[in-house]
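**Q** What follows is final.tsv; its format and atoms are TSV, C-alpha atoms.
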```tsv
chain	number	residue	atom	x	y	z
A	5	MET	CA	-194.47	-85.05	-234.81
A	6	ASN	CA	-192.68	-81.82	-234.05
A	7	MET	CA	-191.96	-81.72	-230.34
A	8	LEU	CA	-192.80	-78.03	-230.25
A	9	GLU	CA	-196.26	-78.56	-231.70
A	10	PRO	CA	-197.84	-81.31	-229.66
A	11	ASP	CA	-201.00	-82.94	-230.93
A	12	LYS	CA	-203.93	-80.87	-229.75
A	13	GLN	CA	-206.09	-83.99	-229.56
A	14	ASN	CA	-204.00	-85.01	-226.59
A	15	MET	CA	-204.63	-81.83	-224.72
A	16	PRO	CA	-204.87	-83.08	-221.17
A	17	LEU	CA	-207.94	-82.84	-219.02
A	18	GLN	CA	-205.83	-81.18	-216.36
A	19	LEU	CA	-207.40	-77.77	-217.00
A	20	LEU	CA	-210.89	-79.27	-216.69
A	21	LYS	CA	-209.91	-80.85	-213.39
A	22	HIS	CA	-208.57	-77.50	-212.19
A	23	ILE	CA	-211.73	-75.66	-213.27
A	24	ARG	CA	-213.81	-78.21	-211.35
A	25	ASN	CA	-211.90	-77.44	-208.17
A	26	PHE	CA	-213.63	-74.06	-208.27
A	27	THR	CA	-216.87	-74.43	-210.18
A	28	GLU	CA	-219.05	-76.97	-211.99
A	29	PHE	CA	-218.18	-77.56	-215.62
A	30	LYS	CA	-219.28	-80.36	-217.94
A	31	LYS	CA	-216.85	-82.49	-219.89
A	32	GLU	CA	-218.88	-81.88	-223.09
A	33	GLU	CA	-218.52	-78.14	-222.55
A	34	PHE	CA	-214.82	-78.57	-222.01
A	35	GLU	CA	-214.50	-80.25	-225.38
A	36	LYS	CA	-215.97	-77.15	-226.97
A	37	ILE	CA	-213.55	-74.76	-225.29
A	38	GLN	CA	-210.35	-76.53	-226.31
A	39	GLU	CA	-210.19	-74.62	-229.59
A	40	TYR	CA	-209.66	-71.39	-227.64
A	41	PHE	CA	-206.29	-72.61	-226.39
A	42	ASP	CA	-202.97	-73.45	-227.94
A	43	ILE	CA	-200.68	-75.96	-226.35
A	44	GLN	CA	-196.97	-75.14	-226.50
A	45	MET	CA	-193.71	-76.51	-225.20
A	46	TYR	CA	-190.76	-74.42	-224.17
A	47	GLY	CA	-187.28	-75.36	-223.03
A	48	LYS	CA	-185.55	-74.25	-219.86
A	49	LYS	CA	-184.57	-70.56	-220.15
A	50	ASP	CA	-186.77	-70.07	-223.24
A	51	VAL	CA	-188.51	-66.70	-223.24
A	52	ILE	CA	-192.31	-66.87	-223.47
A	53	LEU	CA	-193.02	-63.14	-223.11
A	54	SER	CA	-190.43	-60.37	-223.52
A	55	ALA	CA	-190.30	-57.07	-221.64
A	56	GLY	CA	-191.09	-54.31	-224.13
A	57	SER	CA	-193.48	-56.42	-226.20
A	58	ARG	CA	-197.28	-56.47	-226.23
A	59	CYS	CA	-198.81	-58.78	-223.62
A	60	SER	CA	-201.60	-60.57	-225.48
A	61	PHE	CA	-201.71	-63.99	-223.83
A	62	ASN	CA	-202.53	-65.67	-220.55
A	63	TYR	CA	-200.61	-68.88	-219.76
A	64	PHE	CA	-201.65	-71.99	-217.84
A	65	VAL	CA	-198.85	-74.36	-216.83
A	66	LEU	CA	-199.59	-78.02	-217.59
A	67	GLU	CA	-196.14	-79.20	-216.65
A	68	GLY	CA	-192.94	-77.41	-215.69
A	69	CYS	CA	-192.19	-74.08	-214.11
A	70	LEU	CA	-192.12	-70.45	-215.26
A	71	HIS	CA	-191.01	-67.26	-213.61
A	72	MET	CA	-191.85	-63.65	-214.35
A	73	PHE	CA	-189.19	-61.02	-213.78
A	74	PHE	CA	-188.22	-57.47	-214.60
A	75	THR	CA	-184.75	-56.11	-215.21
A	76	GLY	CA	-183.94	-53.19	-212.91
A	77	GLU	CA	-182.14	-50.06	-214.01
A	78	ASN	CA	-179.03	-51.55	-212.44
A	79	GLY	CA	-179.35	-54.52	-214.82
A	80	ILE	CA	-180.31	-56.95	-212.08
A	81	GLN	CA	-183.19	-59.33	-212.79
A	82	ARG	CA	-185.83	-59.57	-210.13
A	83	THR	CA	-188.40	-62.40	-210.08
A	84	VAL	CA	-191.87	-61.30	-208.96
A	85	GLN	CA	-193.80	-64.54	-209.53
A	86	PHE	CA	-193.43	-68.26	-210.14
A	87	ALA	CA	-195.92	-70.58	-211.82
A	88	ILE	CA	-195.87	-74.37	-211.56
A	89	GLU	CA	-198.52	-76.91	-212.62
A	90	ASN	CA	-202.08	-75.50	-212.62
A	91	TRP	CA	-201.05	-71.90	-212.17
A	92	TRP	CA	-202.00	-69.08	-214.48
A	93	MET	CA	-199.43	-66.45	-215.33
A	94	THR	CA	-199.35	-63.21	-217.26
A	95	ASP	CA	-198.73	-59.51	-216.66
A	96	ASN	CA	-202.37	-58.94	-215.77
A	97	LEU	CA	-202.38	-55.15	-216.06
A	98	ALA	CA	-200.79	-55.15	-219.52
A	99	TYR	CA	-202.89	-58.16	-220.59
A	100	GLN	CA	-206.15	-56.48	-219.64
A	101	LYS	CA	-205.34	-53.46	-221.79
A	102	GLY	CA	-203.43	-55.34	-224.48
A	103	GLY	CA	-200.53	-53.08	-223.52
A	104	VAL	CA	-196.77	-53.38	-223.51
A	105	THR	CA	-195.29	-55.26	-220.56
A	106	ASP	CA	-192.30	-54.43	-218.36
A	107	PHE	CA	-191.97	-58.09	-217.42
A	108	THR	CA	-190.38	-61.13	-219.02
A	109	ILE	CA	-191.76	-64.66	-218.61
A	110	GLN	CA	-189.20	-67.43	-218.94
A	111	GLY	CA	-189.01	-71.19	-218.44
A	112	VAL	CA	-187.33	-72.30	-215.23
A	113	GLU	CA	-187.71	-75.89	-216.47
A	114	ASN	CA	-188.90	-77.43	-219.74
A	115	THR	CA	-192.51	-76.35	-219.67
A	116	THR	CA	-195.72	-77.36	-221.43
A	117	LEU	CA	-198.40	-74.71	-221.28
A	118	LEU	CA	-201.77	-73.70	-222.61
A	119	LYS	CA	-201.97	-70.19	-223.94
A	120	ILE	CA	-205.06	-68.16	-224.67
A	121	SER	CA	-205.23	-64.74	-226.27
A	122	ARG	CA	-207.11	-61.87	-224.64
A	123	GLU	CA	-209.68	-61.87	-227.46
A	124	ASN	CA	-210.19	-65.62	-227.09
A	125	GLN	CA	-210.49	-65.38	-223.33
A	126	GLU	CA	-213.10	-62.62	-223.61
A	127	GLU	CA	-215.08	-64.65	-226.15
A	128	LEU	CA	-214.71	-67.79	-224.05
A	129	LEU	CA	-216.11	-65.99	-221.00
A	130	THR	CA	-218.98	-64.54	-223.03
A	131	LYS	CA	-219.95	-67.91	-224.48
A	132	PHE	CA	-219.24	-69.93	-221.32
A	133	PRO	CA	-220.08	-67.54	-218.48
A	134	ALA	CA	-219.72	-70.38	-215.94
A	135	LEU	CA	-215.98	-69.78	-216.33
A	136	GLU	CA	-216.28	-66.26	-214.93
A	137	LYS	CA	-216.56	-67.85	-211.48
A	138	TYR	CA	-213.43	-69.91	-212.10
A	139	PHE	CA	-211.35	-66.89	-213.06
A	140	ARG	CA	-212.91	-64.73	-210.32
A	141	LYS	CA	-211.74	-67.25	-207.73
A	142	ILE	CA	-208.28	-67.65	-209.30
A	143	TYR	CA	-207.68	-63.90	-209.30
A	144	GLU	CA	-209.16	-63.45	-205.83
A	145	ILE	CA	-206.72	-66.01	-204.41
A	146	SER	CA	-203.79	-64.56	-206.36
A	147	TYR	CA	-204.58	-61.05	-205.13
A	148	GLY	CA	-204.95	-62.23	-201.52
A	149	ALA	CA	-201.65	-64.10	-201.75
A	150	SER	CA	-199.86	-61.02	-203.09
A	151	LEU	CA	-201.12	-58.93	-200.13
A	152	MET	CA	-199.82	-61.65	-197.82
A	153	LYS	CA	-196.45	-61.62	-199.60
A	154	MET	CA	-196.32	-57.85	-199.06
A	155	LYS	CA	-196.77	-58.55	-195.36
A	156	TYR	CA	-194.00	-61.05	-194.97
A	157	VAL	CA	-191.54	-59.20	-197.19
A	158	PHE	CA	-191.95	-56.16	-194.94
A	159	ASP	CA	-192.43	-57.88	-191.59
A	160	TYR	CA	-189.97	-60.75	-191.46
A	161	THR	CA	-186.22	-60.67	-191.13
A	162	LYS	CA	-184.35	-61.95	-194.19
A	163	GLU	CA	-183.75	-65.29	-192.51
A	164	GLU	CA	-187.42	-65.62	-191.52
A	165	ILE	CA	-188.53	-64.80	-195.07
A	166	TYR	CA	-186.35	-67.58	-196.42
A	167	TYR	CA	-187.56	-70.18	-193.89
A	168	HIS	CA	-191.17	-69.14	-194.19
A	169	PHE	CA	-190.99	-69.59	-197.95
A	170	THR	CA	-189.11	-72.88	-197.99
A	171	GLU	CA	-191.34	-74.42	-195.30
A	172	ARG	CA	-194.55	-73.24	-196.93
A	173	PHE	CA	-193.53	-74.10	-200.50
A	174	PRO	CA	-191.09	-77.02	-200.27
A	175	GLN	CA	-191.77	-77.96	-203.90
A	176	PHE	CA	-190.17	-74.68	-205.03
A	177	THR	CA	-187.06	-75.16	-202.96
A	178	GLN	CA	-186.56	-78.54	-204.65
A	179	ARG	CA	-187.21	-77.35	-208.18
A	180	VAL	CA	-186.14	-73.75	-208.48
A	181	PRO	CA	-182.48	-72.67	-208.58
A	182	GLN	CA	-181.36	-70.93	-205.44
A	183	TYR	CA	-180.54	-67.65	-207.18
A	184	LEU	CA	-184.15	-67.35	-208.40
A	185	ILE	CA	-185.59	-67.97	-204.95
A	186	ALA	CA	-183.17	-65.34	-203.62
A	187	SER	CA	-184.32	-62.91	-206.32
A	188	TYR	CA	-188.00	-63.55	-205.54
A	189	LEU	CA	-187.48	-62.97	-201.83
A	190	GLY	CA	-185.36	-59.85	-202.30
A	191	LEU	CA	-182.22	-61.56	-200.93
A	192	THR	CA	-178.79	-61.91	-202.49
A	193	PRO	CA	-177.73	-65.40	-203.61
A	194	GLU	CA	-174.77	-65.07	-201.23
A	195	TYR	CA	-177.11	-64.49	-198.33
A	196	VAL	CA	-179.18	-67.58	-199.19
A	197	SER	CA	-175.97	-69.66	-199.39
A	198	GLU	CA	-174.98	-68.40	-195.95
A	199	ILE	CA	-178.35	-69.32	-194.40
A	200	ARG	CA	-178.25	-72.77	-195.95
A	201	ALA	CA	-174.66	-73.36	-194.78
A	202	LYS	CA	-175.65	-72.28	-191.25
A	203	ASN	CA	-178.61	-74.66	-191.37
A	204	ARG	CA	-176.48	-77.61	-192.42
A	205	SER	CA	-173.89	-77.07	-189.69
B	28	MET	CA	-232.24	-41.26	-187.42
B	29	ASN	CA	-229.11	-42.76	-185.94
B	30	MET	CA	-226.12	-41.46	-187.89
B	31	LEU	CA	-224.52	-44.90	-187.74
B	32	GLU	CA	-227.52	-46.56	-189.37
B	33	PRO	CA	-228.27	-44.53	-192.48
B	34	ASP	CA	-231.55	-45.12	-194.23
B	35	LYS	CA	-231.08	-48.08	-196.56
B	36	GLN	CA	-233.64	-46.62	-198.96
B	37	ASN	CA	-231.07	-43.98	-199.76
B	38	MET	CA	-228.39	-46.46	-200.64
B	39	PRO	CA	-226.65	-44.66	-203.48
B	40	LEU	CA	-226.53	-45.91	-207.02
B	41	GLN	CA	-222.79	-45.51	-206.91
B	42	LEU	CA	-222.21	-49.26	-206.76
B	43	LEU	CA	-224.50	-49.81	-209.77
B	44	LYS	CA	-222.55	-47.20	-211.69
B	45	HIS	CA	-219.30	-48.93	-210.75
B	46	ILE	CA	-220.64	-52.35	-211.77
B	47	ARG	CA	-221.66	-50.90	-215.13
B	48	ASN	CA	-218.10	-49.75	-215.76
B	49	PHE	CA	-217.24	-53.45	-216.06
B	50	THR	CA	-220.37	-55.30	-217.12
B	51	GLU	CA	-224.02	-54.81	-218.04
B	52	PHE	CA	-226.43	-54.78	-215.13
B	53	LYS	CA	-230.07	-53.65	-215.02
B	54	LYS	CA	-231.34	-51.11	-212.53
B	55	GLU	CA	-234.24	-53.44	-211.63
B	56	GLU	CA	-231.73	-56.18	-210.82
B	57	PHE	CA	-229.76	-53.75	-208.72
B	58	GLU	CA	-232.84	-53.02	-206.63
B	59	LYS	CA	-233.04	-56.72	-205.82
B	60	ILE	CA	-229.44	-56.99	-204.68
B	61	GLN	CA	-229.51	-54.11	-202.20
B	62	GLU	CA	-230.69	-56.39	-199.39
B	63	TYR	CA	-227.37	-58.25	-199.55
B	64	PHE	CA	-225.49	-55.17	-198.38
B	65	ASP	CA	-225.37	-53.11	-195.22
B	66	ILE	CA	-224.47	-49.47	-195.32
B	67	GLN	CA	-222.34	-48.22	-192.44
B	68	MET	CA	-220.54	-45.08	-191.40
B	69	TYR	CA	-217.26	-44.98	-189.55
B	70	GLY	CA	-215.25	-42.12	-188.11
B	71	LYS	CA	-211.61	-41.33	-188.79
B	72	LYS	CA	-209.40	-43.89	-186.99
B	73	ASP	CA	-212.37	-46.20	-186.32
B	74	VAL	CA	-211.46	-49.86	-186.69
B	75	ILE	CA	-213.59	-51.76	-189.23
B	76	LEU	CA	-211.74	-55.10	-189.04
B	77	SER	CA	-209.29	-56.10	-186.28
B	78	ALA	CA	-206.19	-58.27	-186.64
B	79	GLY	CA	-206.87	-61.55	-184.81
B	80	SER	CA	-210.59	-61.57	-185.61
B	81	ARG	CA	-212.49	-63.55	-188.22
B	82	CYS	CA	-212.64	-61.84	-191.63
B	83	SER	CA	-216.25	-62.28	-192.76
B	84	PHE	CA	-216.94	-59.16	-194.80
B	85	ASN	CA	-215.95	-57.42	-197.99
B	86	TYR	CA	-216.13	-53.60	-198.00
B	87	PHE	CA	-216.93	-51.15	-200.79
B	88	VAL	CA	-216.11	-47.50	-200.09
B	89	LEU	CA	-218.92	-45.08	-201.01
B	90	GLU	CA	-217.18	-42.08	-199.52
B	91	GLY	CA	-214.00	-41.63	-197.53
B	92	CYS	CA	-210.78	-43.57	-197.24
B	93	LEU	CA	-209.65	-46.78	-195.52
B	94	HIS	CA	-206.29	-48.38	-195.08
B	95	MET	CA	-205.32	-51.96	-194.27
B	96	PHE	CA	-202.24	-52.57	-192.16
B	97	PHE	CA	-200.49	-55.16	-190.04
B	98	THR	CA	-198.49	-54.59	-186.89
B	99	GLY	CA	-194.98	-56.00	-187.18
B	100	GLU	CA	-193.21	-57.86	-184.38
B	101	ASN	CA	-191.35	-54.63	-183.65
B	102	GLY	CA	-194.73	-52.95	-182.99
B	103	ILE	CA	-194.56	-50.82	-186.13
B	104	GLN	CA	-197.73	-50.56	-188.23
B	105	ARG	CA	-197.30	-51.11	-191.93
B	106	THR	CA	-199.99	-50.12	-194.45
B	107	VAL	CA	-200.35	-52.57	-197.35
B	108	GLN	CA	-203.37	-51.08	-199.11
B	109	PHE	CA	-205.57	-48.00	-199.35
B	110	ALA	CA	-209.18	-47.83	-200.53
B	111	ILE	CA	-210.97	-44.66	-201.60
B	112	GLU	CA	-214.34	-44.21	-203.34
B	113	ASN	CA	-215.35	-47.24	-205.46
B	114	TRP	CA	-212.64	-49.54	-204.17
B	115	TRP	CA	-213.25	-52.89	-202.57
B	116	MET	CA	-211.19	-53.88	-199.56
B	117	THR	CA	-210.80	-56.96	-197.40
B	118	ASP	CA	-208.14	-59.50	-196.47
B	119	ASN	CA	-209.02	-61.67	-199.46
B	120	LEU	CA	-207.24	-64.84	-198.34
B	121	ALA	CA	-208.86	-64.85	-194.88
B	122	TYR	CA	-212.20	-63.75	-196.36
B	123	GLN	CA	-212.27	-66.60	-198.86
B	124	LYS	CA	-211.78	-69.17	-196.10
B	125	GLY	CA	-213.71	-67.29	-193.41
B	126	GLY	CA	-210.43	-67.36	-191.49
B	127	VAL	CA	-208.73	-65.14	-188.95
B	128	THR	CA	-206.95	-62.11	-190.39
B	129	ASP	CA	-203.51	-60.69	-189.59
B	130	PHE	CA	-204.61	-57.30	-190.91
B	131	THR	CA	-206.53	-54.35	-189.47
B	132	ILE	CA	-208.77	-52.12	-191.58
B	133	GLN	CA	-209.19	-48.59	-190.26
B	134	GLY	CA	-210.73	-45.30	-191.39
B	135	VAL	CA	-208.24	-42.73	-192.68
B	136	GLU	CA	-211.16	-40.31	-192.99
B	137	ASN	CA	-214.83	-40.48	-191.98
B	138	THR	CA	-216.01	-43.24	-194.28
B	139	THR	CA	-219.33	-44.53	-195.56
B	140	LEU	CA	-219.17	-48.05	-196.86
B	141	LEU	CA	-221.22	-50.97	-198.06
B	142	LYS	CA	-220.38	-54.26	-196.44
B	143	ILE	CA	-221.36	-57.72	-197.58
B	144	SER	CA	-220.77	-61.01	-195.76
B	145	ARG	CA	-219.04	-63.94	-197.47
B	146	GLU	CA	-222.27	-65.97	-197.35
B	147	ASN	CA	-224.22	-63.10	-198.86
B	148	GLN	CA	-221.64	-62.53	-201.57
B	149	GLU	CA	-221.66	-66.22	-202.50
B	150	GLU	CA	-225.47	-66.22	-202.65
B	151	LEU	CA	-225.47	-62.96	-204.60
B	152	LEU	CA	-223.10	-64.42	-207.18
B	153	THR	CA	-225.15	-67.61	-207.46
B	154	LYS	CA	-228.41	-65.72	-207.98
B	155	PHE	CA	-226.93	-62.95	-210.13
B	156	PRO	CA	-224.10	-64.64	-212.04
B	157	ALA	CA	-223.66	-61.53	-214.19
B	158	LEU	CA	-221.78	-60.14	-211.21
B	159	GLU	CA	-219.09	-62.82	-211.49
B	160	LYS	CA	-217.68	-60.81	-214.39
B	161	TYR	CA	-217.65	-57.63	-212.30
B	162	PHE	CA	-215.70	-59.25	-209.47
B	163	ARG	CA	-213.44	-61.16	-211.88
B	164	LYS	CA	-212.38	-57.86	-213.43
B	165	ILE	CA	-211.99	-56.11	-210.06
B	166	TYR	CA	-209.71	-58.86	-208.73
B	167	GLU	CA	-207.80	-59.13	-212.00
B	168	ILE	CA	-206.96	-55.41	-211.88
B	169	SER	CA	-206.11	-55.55	-208.17
B	170	TYR	CA	-203.81	-58.52	-208.70
B	171	GLY	CA	-202.10	-56.87	-211.67
B	172	ALA	CA	-201.61	-53.67	-209.68
B	173	SER	CA	-200.04	-55.57	-206.79
B	174	LEU	CA	-197.51	-57.21	-209.16
B	175	MET	CA	-196.70	-53.75	-210.48
B	176	LYS	CA	-196.26	-52.43	-206.93
B	177	MET	CA	-193.86	-55.32	-206.27
B	178	LYS	CA	-191.87	-54.08	-209.26
B	179	TYR	CA	-191.53	-50.49	-208.21
B	180	VAL	CA	-190.88	-51.27	-204.53
B	181	PHE	CA	-187.93	-53.41	-205.61
B	182	ASP	CA	-186.76	-51.44	-208.62
B	183	TYR	CA	-186.97	-47.79	-207.67
B	184	THR	CA	-184.85	-45.81	-205.27
B	185	LYS	CA	-186.72	-44.53	-202.21
B	186	GLU	CA	-186.98	-41.08	-203.74
B	187	GLU	CA	-188.27	-42.49	-207.05
B	188	ILE	CA	-190.86	-44.60	-205.23
B	189	TYR	CA	-192.18	-41.51	-203.48
B	190	TYR	CA	-192.36	-39.41	-206.66
B	191	HIS	CA	-193.81	-42.22	-208.73
B	192	PHE	CA	-196.58	-42.67	-206.19
B	193	THR	CA	-197.39	-39.01	-205.64
B	194	GLU	CA	-197.42	-38.26	-209.38
B	195	ARG	CA	-199.51	-41.29	-210.24
B	196	PHE	CA	-201.95	-40.93	-207.35
B	197	PRO	CA	-202.12	-37.21	-206.51
B	198	GLN	CA	-205.48	-37.71	-204.77
B	199	PHE	CA	-203.77	-39.79	-202.09
B	200	THR	CA	-201.05	-37.26	-201.43
B	201	GLN	CA	-203.76	-34.67	-200.79
B	202	ARG	CA	-205.92	-36.83	-198.57
B	203	VAL	CA	-203.72	-39.29	-196.74
B	204	PRO	CA	-201.42	-38.28	-193.87
B	205	GLN	CA	-197.76	-38.34	-194.76
B	206	TYR	CA	-196.86	-41.03	-192.21
B	207	LEU	CA	-199.33	-43.46	-193.84
B	208	ILE	CA	-197.95	-42.85	-197.32
B	209	ALA	CA	-194.48	-43.43	-195.89
B	210	SER	CA	-195.65	-46.68	-194.26
B	211	TYR	CA	-197.24	-47.89	-197.52
B	212	LEU	CA	-194.10	-47.17	-199.50
B	213	GLY	CA	-191.76	-48.73	-196.95
B	214	LEU	CA	-190.16	-45.37	-196.12
B	215	THR	CA	-189.74	-43.66	-192.75
B	216	PRO	CA	-191.83	-40.52	-192.11
B	217	GLU	CA	-188.54	-38.66	-191.55
B	218	TYR	CA	-187.35	-39.67	-195.00
B	219	VAL	CA	-190.57	-38.43	-196.62
B	220	SER	CA	-190.22	-35.09	-194.77
B	221	GLU	CA	-186.67	-34.80	-196.07
B	222	ILE	CA	-187.71	-35.44	-199.69
B	223	ARG	CA	-190.54	-32.93	-199.43
B	224	ALA	CA	-188.26	-30.30	-197.89
B	225	LYS	CA	-185.70	-30.86	-200.65
B	226	ASN	CA	-188.45	-30.47	-203.25
B	227	ARG	CA	-189.69	-27.18	-201.78
B	228	SER	CA	-186.21	-25.64	-201.63
```
Reformat the file's structure so that it appears as structure tokens.
**A**
Amino acid sequence: MNMLEPDKQNMPLQLLKHIRNFTEFKKEEFEKIQEYFDIQMYGKKDVILSAGSRCSFNYFVLEGCLHMFFTGENGIQRTVQFAIENWWMTDNLAYQKGGVTDFTIQGVENTTLLKISRENQEELLTKFPALEKYFRKIYEISYGASLMKMKYVFDYTKEEIYYHFTERFPQFTQRVPQYLIASYLGLTPEYVSEIRAKNRS
Amino acid sequence: MNMLEPDKQNMPLQLLKHIRNFTEFKKEEFEKIQEYFDIQMYGKKDVILSAGSRCSFNYFVLEGCLHMFFTGENGIQRTVQFAIENWWMTDNLAYQKGGVTDFTIQGVENTTLLKISRENQEELLTKFPALEKYFRKIYEISYGASLMKMKYVFDYTKEEIYYHFTERFPQFTQRVPQYLIASYLGLTPEYVSEIRAKNRS
């Protein structure tokens, strides 16, 4: 079997479990919705969505880690979002309109994901309206979290931002390279090295 | 009639119109959901939600303008969000958990709004599941927009941020005091004055 085209029969029940954290959904129904998704594997650093291309898919991480970044006019890449297991990721504004994205989505680790096209997601929600609640809650939490990020990016000192993040999300600090955490928090990699050196001493 | 308790019979059909921008919803159904909402009027600078209090309501602006801000440790207020006509506003993370908020919501202008409690919104969505789609789309757009804001706050120069915002949202520049726009964009009021002076000359 080609490693890049895993057997769809083995599609894990992880998404069902995640849906059930937010709303009721029957296993028999779940079996019917599997055809809406494709399962795909990507290597570390593989590009899943490219800036400048049409954003037609929404991605659910089964295993691994993705980040979404843009490249500034100065050529510097800036990460705006991470996704680990059970997180959805896309450029939501571009996805909603089927428009061109300014963002790139890339593997931070080898990653297995489910992808669904906009058309499929719309049809899925029409045929299985119980899933509207699931996505409503997912987006509500994501939006709330992004307002909170806005607060701590503006309010905290650089050192506080770093400690707040690493204490609140220790799994990221273990898994994600330091330069990506720095990029996400708006710090330079040098600054993060300095803080960590200070902390060790 | 008390100006602060407008006649609920007159509750405008503005919300119905807004719902219908995103999903189908019958006028007869809308008449049944009105009891879930309260209509309230606030003056300019009135506080609708206070930092440190429980966040139990979601607000829909019928007329006027609100902003949501936090007060930094240095005492400086920082606006993270505006809401004008047809925008929903709350601290979504605190609202979802019925938790205490770090944010304050205040009138930028005299504002008439609909408010709904978390319990009422949950019941509303259970009894009228067609509205799940409406809120899913609202939150999806809001989340996408906040990722985009993250991009331009990081990517643009201060001057570009200001021009991008004022060109894209001219209605805000007309209605919102300059110091609040500055706060939202992470600029000082003095800096905004400078840019505007430069532009006039």
**Q** Go through A:Asp159, A:Glu89, A:Glu144, A:Glu164 and flag the residue nearest B:Thr98, using all atoms listed in the file for the distances.
**A**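 Going through A:Asp159, A:Glu89, A:Glu144, A:Glu164 one by one, the smallest distance to B:Thr98 is for A:Asp159.
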**Q** Counting all atoms listed in the file, which residues of chain B sit at most 7 Å from some atom of chain A, and what is each one's closest atom pair with its distance in Å to one decimal, listed by chain and rising residue number, as JSON lines?
**A**
```
{"residue": "B:Gly99", "atom": "CA", "partner": "A:Asp159", "partner_atom": "CA", "distance": 5.4}
{"residue": "B:Val107", "atom": "CA", "partner": "A:Met154", "partner_atom": "CA", "distance": 6.9}
{"residue": "B:Asp118", "atom": "CA", "partner": "A:Gly148", "partner_atom": "CA", "distance": 6.6}
{"residue": "B:Asn119", "atom": "CA", "partner": "A:Gly148", "partner_atom": "CA", "distance": 4.6}
{"residue": "B:Leu120", "atom": "CA", "partner": "A:Gly148", "partner_atom": "CA", "distance": 4.7}
{"residue": "B:Glu159", "atom": "CA", "partner": "A:Glu136", "partner_atom": "CA", "distance": 5.6}
{"residue": "B:Lys160", "atom": "CA", "partner": "A:Glu136", "partner_atom": "CA", "distance": 5.7}
{"residue": "B:Phe162", "atom": "CA", "partner": "A:Arg140", "partner_atom": "CA", "distance": 6.2}
{"residue": "B:Arg163", "atom": "CA", "partner": "A:Arg140", "partner_atom": "CA", "distance": 3.9}
{"residue": "B:Tyr166", "atom": "CA", "partner": "A:Glu144", "partner_atom": "CA", "distance": 5.5}
{"residue": "B:Glu167", "atom": "CA", "partner": "A:Tyr143", "partner_atom": "CA", "distance": 5.5}
{"residue": "B:Ile168", "atom": "CA", "partner": "A:Leu97", "partner_atom": "CA", "distance": 6.2}
{"residue": "B:Ser169", "atom": "CA", "partner": "A:Tyr147", "partner_atom": "CA", "distance": 6.5}
{"residue": "B:Tyr170", "atom": "CA", "partner": "A:Tyr147", "partner_atom": "CA", "distance": 4.4}
{"residue": "B:Gly171", "atom": "CA", "partner": "A:Asn96", "partner_atom": "CA", "distance": 4.6}
{"residue": "B:Ala172", "atom": "CA", "partner": "A:Leu97", "partner_atom": "CA", "distance": 6.6}
{"residue": "B:Ser173", "atom": "CA", "partner": "A:Ser150", "partner_atom": "CA", "distance": 6.6}
{"residue": "B:Leu174", "atom": "CA", "partner": "A:Val84", "partner_atom": "CA", "distance": 7.0}
{"residue": "B:Met177", "atom": "CA", "partner": "A:Val84", "partner_atom": "CA", "distance": 6.9}
{"residue": "B:Asp182", "atom": "CA", "partner": "A:Gly76", "partner_atom": "CA", "distance": 5.4}
```
**Q** Between B:Lys44, B:Cys92, B:Met68, B:Phe57, which residue has the minimum interatomic distance to B:Phe155, considering only C-alpha atoms?
**A** B:Phe57
**Q** For B:Tyr63, find every residue with an atom within 8 Å (counting all atoms listed in the file), except residues of its own chain fewer than 2 positions away, and show them as a PyMOL selection string.
**A** chain B and resi 60-61+65+143+147-148+151
**Q** So which residues are close to (-220.2, -61.3, -191.6), meaning at most 6 Å away in the file's coordinates with all atoms listed in the file counted, and can you show them as a list in words?
**A** Ser83, Phe84 and Ser144 of chain B
**Q** Rounded to one decimal place, report the atom CA of A:Lys162-atom CA of A:Ser205 distance in Å.
**A**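 According to the coordinates, atom CA of A:Lys162 and atom CA of A:Ser205 are separated by 18.9 Å.
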**Q** How many Å lie between atom CA of A:Tyr183 and atom CA of A:Thr105, rounded to one decimal?
**A**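 Distance reported for this atom pair: 23.5 Å.
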**Q** Suppose you want the space between atom CA of B:Lys142 and atom CA of B:Trp115; what is it in Å?
**A** 9.5 Å
**Q** Could you list, as a list in words, every residue within 12 Å of stretch 167-174 of chain A, counting all atoms listed in the file and ignoring same-chain residues fewer than 4 positions away?
**A** Phe86, Ile88, Met152, Lys153, Tyr156, Val157, Asp159, Tyr160, Thr161, Lys162, Glu163, Gln178, Arg179, Val180, Gln182, Ile185, Ala186, Tyr188, Leu189, Val196, Ile199, Arg200 and Asn203 of chain A
**Q** Step by step: start from the point (-187.0, -72.1, -219.6) in the file's coordinates, keep every protein, DNA or RNA residue that has an atom no farther than 9 Å from it, count all atoms listed in the file, and write the set as a PyMOL selection string.
**A** chain A and resi 46-52+68-71+109-115
**Q** Starting from the sparse input, extend stretch 152-156 of chain B to N, CA and C atoms and give the output as a short mmCIF file (atom, residue, chain, number, x, y, z; two decimals), in the frame of the given file.
**A**
```
data_model
loop_
_atom_site.label_atom_id
_atom_site.label_comp_id
_atom_site.auth_asym_id
_atom_site.auth_seq_id
_atom_site.Cartn_x
_atom_site.Cartn_y
_atom_site.Cartn_z
N LEU B 152 -223.74 -64.00 -205.93
CA LEU B 152 -223.10 -64.42 -207.18
C LEU B 152 -223.82 -65.62 -207.79
N THR B 153 -224.39 -66.47 -206.95
CA THR B 153 -225.15 -67.61 -207.46
C THR B 153 -226.46 -67.14 -208.11
N LYS B 154 -227.12 -66.19 -207.46
CA LYS B 154 -228.41 -65.72 -207.98
C LYS B 154 -228.25 -64.71 -209.11
N PHE B 155 -227.16 -63.97 -209.10
CA PHE B 155 -226.93 -62.95 -210.13
C PHE B 155 -225.56 -63.19 -210.76
N PRO B 156 -225.43 -64.27 -211.53
CA PRO B 156 -224.10 -64.64 -212.04
C PRO B 156 -223.46 -63.58 -212.93
#
```
